[in-house]
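Q: A single structure is presented below for examination.
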Amino acid sequence: MQLSAAPYEERLTAPRSWWFLCFLAGISFALIMLPFGTLPMLGGLAGGTAAAAVVVSAYGSVRIRVVNGHLIAGEAKIPASALGDAEVLDAEEARAWRGPKADPRAFMLLRAYVPGALRVAVTDPEDPTPYVFLSTREPERLAQALRAARDAADAS
């Protein structure tokens, strides 16, 4: 088992403000249950908060990793040898690539609350995906890890 030269791991967690919204969802459920008494109201508060927290946690649990010569982004696992150059995108350019510049065939791991992004060309001729678009808080470090993984794959 050969490890990549620069392992990378990032979890795109939901922003803190979303956890406050979970509590507000719990309050909404509590108010709905208020006519049925105190115990159902407390159950609504706990249940509504917990349900909203599960949704936020699931949405914010996506990971981006570069390990063993592969880019693993959410459910996608792509060999580094099938990837081309990585382009670091600032917030404005990332917004454009999420909208009018986007190719519907591209693999996109989007998180609107993450301003930066990385666009990586897919060089595998048998893959119809033109590029991979990844929302990331550290696009420069991810690009460096992909470059190192690709160089290690080319050297072996």
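Identifiers in the structure tokens: chain A, B, ... in order shown; residue index from 1 per chain; ligand index from 1 in order shown.
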Which neighbours of segment 100-108 of chain A fall inside 7 Å, counting only C-alpha atoms, when residues of the same chain fewer than 6 positions from it are skipped, and could you give them as a PDB file with N, CA, C and O atoms, in the first residue's frame?
A:
ATOM      1  N   THR A 129     -17.091  12.896 -17.889  1.00  0.00           N
ATOM      2  CA  THR A 129     -17.067  14.031 -16.966  1.00  0.00           C
ATOM      3  C   THR A 129     -15.942  14.978 -17.355  1.00  0.00           C
ATOM      4  O   THR A 129     -14.780  14.589 -17.353  1.00  0.00           O
ATOM      5  N   PRO A 130     -16.239  16.239 -17.693  1.00  0.00           N
ATOM      6  CA  PRO A 130     -15.180  17.155 -18.118  1.00  0.00           C
ATOM      7  C   PRO A 130     -14.313  17.664 -16.971  1.00  0.00           C
ATOM      8  O   PRO A 130     -13.129  17.913 -17.148  1.00  0.00           O
ATOM      9  N   TYR A 131     -14.921  17.826 -15.800  1.00  0.00           N
ATOM     10  CA  TYR A 131     -14.156  18.323 -14.664  1.00  0.00           C
ATOM     11  C   TYR A 131     -14.875  17.983 -13.364  1.00  0.00           C
ATOM     12  O   TYR A 131     -16.035  17.592 -13.352  1.00  0.00           O
ATOM     13  N   VAL A 132     -14.129  18.128 -12.277  1.00  0.00           N
ATOM     14  CA  VAL A 132     -14.662  17.941 -10.935  1.00  0.00           C
ATOM     15  C   VAL A 132     -14.633  19.302 -10.260  1.00  0.00           C
ATOM     16  O   VAL A 132     -13.601  19.970 -10.261  1.00  0.00           O
ATOM     17  N   PHE A 133     -15.760  19.731  -9.721  1.00  0.00           N
ATOM     18  CA  PHE A 133     -15.865  21.000  -9.011  1.00  0.00           C
ATOM     19  C   PHE A 133     -16.068  20.685  -7.541  1.00  0.00           C
ATOM     20  O   PHE A 133     -17.024  20.008  -7.170  1.00  0.00           O
ATOM     21  N   LEU A 134     -15.160  21.176  -6.697  1.00  0.00           N
ATOM     22  CA  LEU A 134     -15.225  20.882  -5.276  1.00  0.00           C
ATOM     23  C   LEU A 134     -15.268  22.169  -4.461  1.00  0.00           C
ATOM     24  O   LEU A 134     -14.358  22.991  -4.579  1.00  0.00           O
TER      25      LEU A 134
END
Q: Mind checking which residues fall within 10 Å of Arg141 of chain A, counting only C-alpha atoms, ignoring those fewer than 3 positions away in the same chain, and posting them as a list in words?
A: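 These residues fall inside the cut-off: Ala6, Pro7, Tyr8, Glu9, Val88, Thr136, Arg137, Glu138, Gln144, Ala145, Leu146 and Arg147 of chain A.
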Q: Please save N, CA and C atoms of the selected residues as a PDB file, in the first residue's frame.
A:
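Okay, again_19.pdb is ready:
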ATOM      1  N   ALA A   6       1.257  13.790  -0.192  1.00  0.00           N
ATOM      2  CA  ALA A   6       0.674  14.836   0.640  1.00  0.00           C
ATOM      3  C   ALA A   6      -0.781  14.497   0.941  1.00  0.00           C
ATOM      4  N   PRO A   7      -1.034  13.661   1.981  1.00  0.00           N
ATOM      5  CA  PRO A   7      -2.432  13.326   2.284  1.00  0.00           C
ATOM      6  C   PRO A   7      -3.210  14.569   2.681  1.00  0.00           C
ATOM      7  N   TYR A   8      -4.461  14.559   2.335  1.00  0.00           N
ATOM      8  CA  TYR A   8      -5.329  15.715   2.571  1.00  0.00           C
ATOM      9  C   TYR A   8      -6.666  15.202   3.047  1.00  0.00           C
ATOM     10  N   GLU A   9      -7.234  15.878   4.029  1.00  0.00           N
ATOM     11  CA  GLU A   9      -8.578  15.539   4.483  1.00  0.00           C
ATOM     12  C   GLU A   9      -9.277  16.802   4.962  1.00  0.00           C
ATOM     13  N   VAL A  88      -7.567  26.862  -8.857  1.00  0.00           N
ATOM     14  CA  VAL A  88      -8.103  27.438  -7.628  1.00  0.00           C
ATOM     15  C   VAL A  88      -9.049  28.579  -8.004  1.00  0.00           C
ATOM     16  N   THR A 136     -14.356  23.926  -1.278  1.00  0.00           N
ATOM     17  CA  THR A 136     -13.350  23.628  -0.270  1.00  0.00           C
ATOM     18  C   THR A 136     -12.897  24.910   0.413  1.00  0.00           C
ATOM     19  N   ARG A 137     -12.574  24.782   1.685  1.00  0.00           N
ATOM     20  CA  ARG A 137     -12.076  25.941   2.434  1.00  0.00           C
ATOM     21  C   ARG A 137     -10.581  26.148   2.204  1.00  0.00           C
ATOM     22  N   GLU A 138      -9.898  25.138   1.708  1.00  0.00           N
ATOM     23  CA  GLU A 138      -8.448  25.208   1.489  1.00  0.00           C
ATOM     24  C   GLU A 138      -8.103  24.764   0.063  1.00  0.00           C
ATOM     25  N   GLN A 144      -2.405  21.262  -4.147  1.00  0.00           N
ATOM     26  CA  GLN A 144      -1.051  20.759  -3.915  1.00  0.00           C
ATOM     27  C   GLN A 144      -1.072  19.254  -3.629  1.00  0.00           C
ATOM     28  N   ALA A 145      -2.029  18.798  -2.827  1.00  0.00           N
ATOM     29  CA  ALA A 145      -2.134  17.370  -2.525  1.00  0.00           C
ATOM     30  C   ALA A 145      -2.471  16.570  -3.778  1.00  0.00           C
ATOM     31  N   LEU A 146      -3.355  17.093  -4.627  1.00  0.00           N
ATOM     32  CA  LEU A 146      -3.692  16.397  -5.879  1.00  0.00           C
ATOM     33  C   LEU A 146      -2.493  16.334  -6.813  1.00  0.00           C
ATOM     34  N   ARG A 147      -1.749  17.439  -6.888  1.00  0.00           N
ATOM     35  CA  ARG A 147      -0.545  17.476  -7.723  1.00  0.00           C
ATOM     36  C   ARG A 147       0.475  16.436  -7.243  1.00  0.00           C
TER      37      ARG A 147
END
Q: May I ask which of the residues A:Ala58, A:Leu12, A:Leu83, A:Leu31 is the closest one to His70 of chain A, counting only C-alpha atoms?
A: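 Checking each candidate against His70 of chain A, we get A:Leu83 as the closest.
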Q: For segment 40-56 of chain A, list every protein, DNA or RNA residue within 7 Å, evaluated using only C-alpha atoms, and leave out those in the same chain fewer than 2 positions away; present the list as a count of residues only.
A: 18
Q: Rounded to one decimal place, report the atom CA of Asp154 of chain A-atom CA of Pro139 of chain A distance in Å.
A: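 Computing it gives 22.2 Å between the two atoms.
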Q: Apply DSSP to the backbone of this structure and, from segment 9-151 of chain A, keep only the residues in strand (DSSP E); write these as a PyMOL selection string.
A: chain A and resi 9-11+63-67+70-73+76-79+83-89+107-109+117-122+131-135
Q: Could you check how far atom CA of Arg65 of chain A sits from atom CA of Val122 of chain A, in Å to one decimal?
A: 16.8 Å
Q: Write out as a PyMOL selection string the set of residues from chain A that DSSP, computed on the backbone, places in helix (DSSP H, G or I).
A: chain A and resi 16-36+38-59+80-82+91-98+139-155
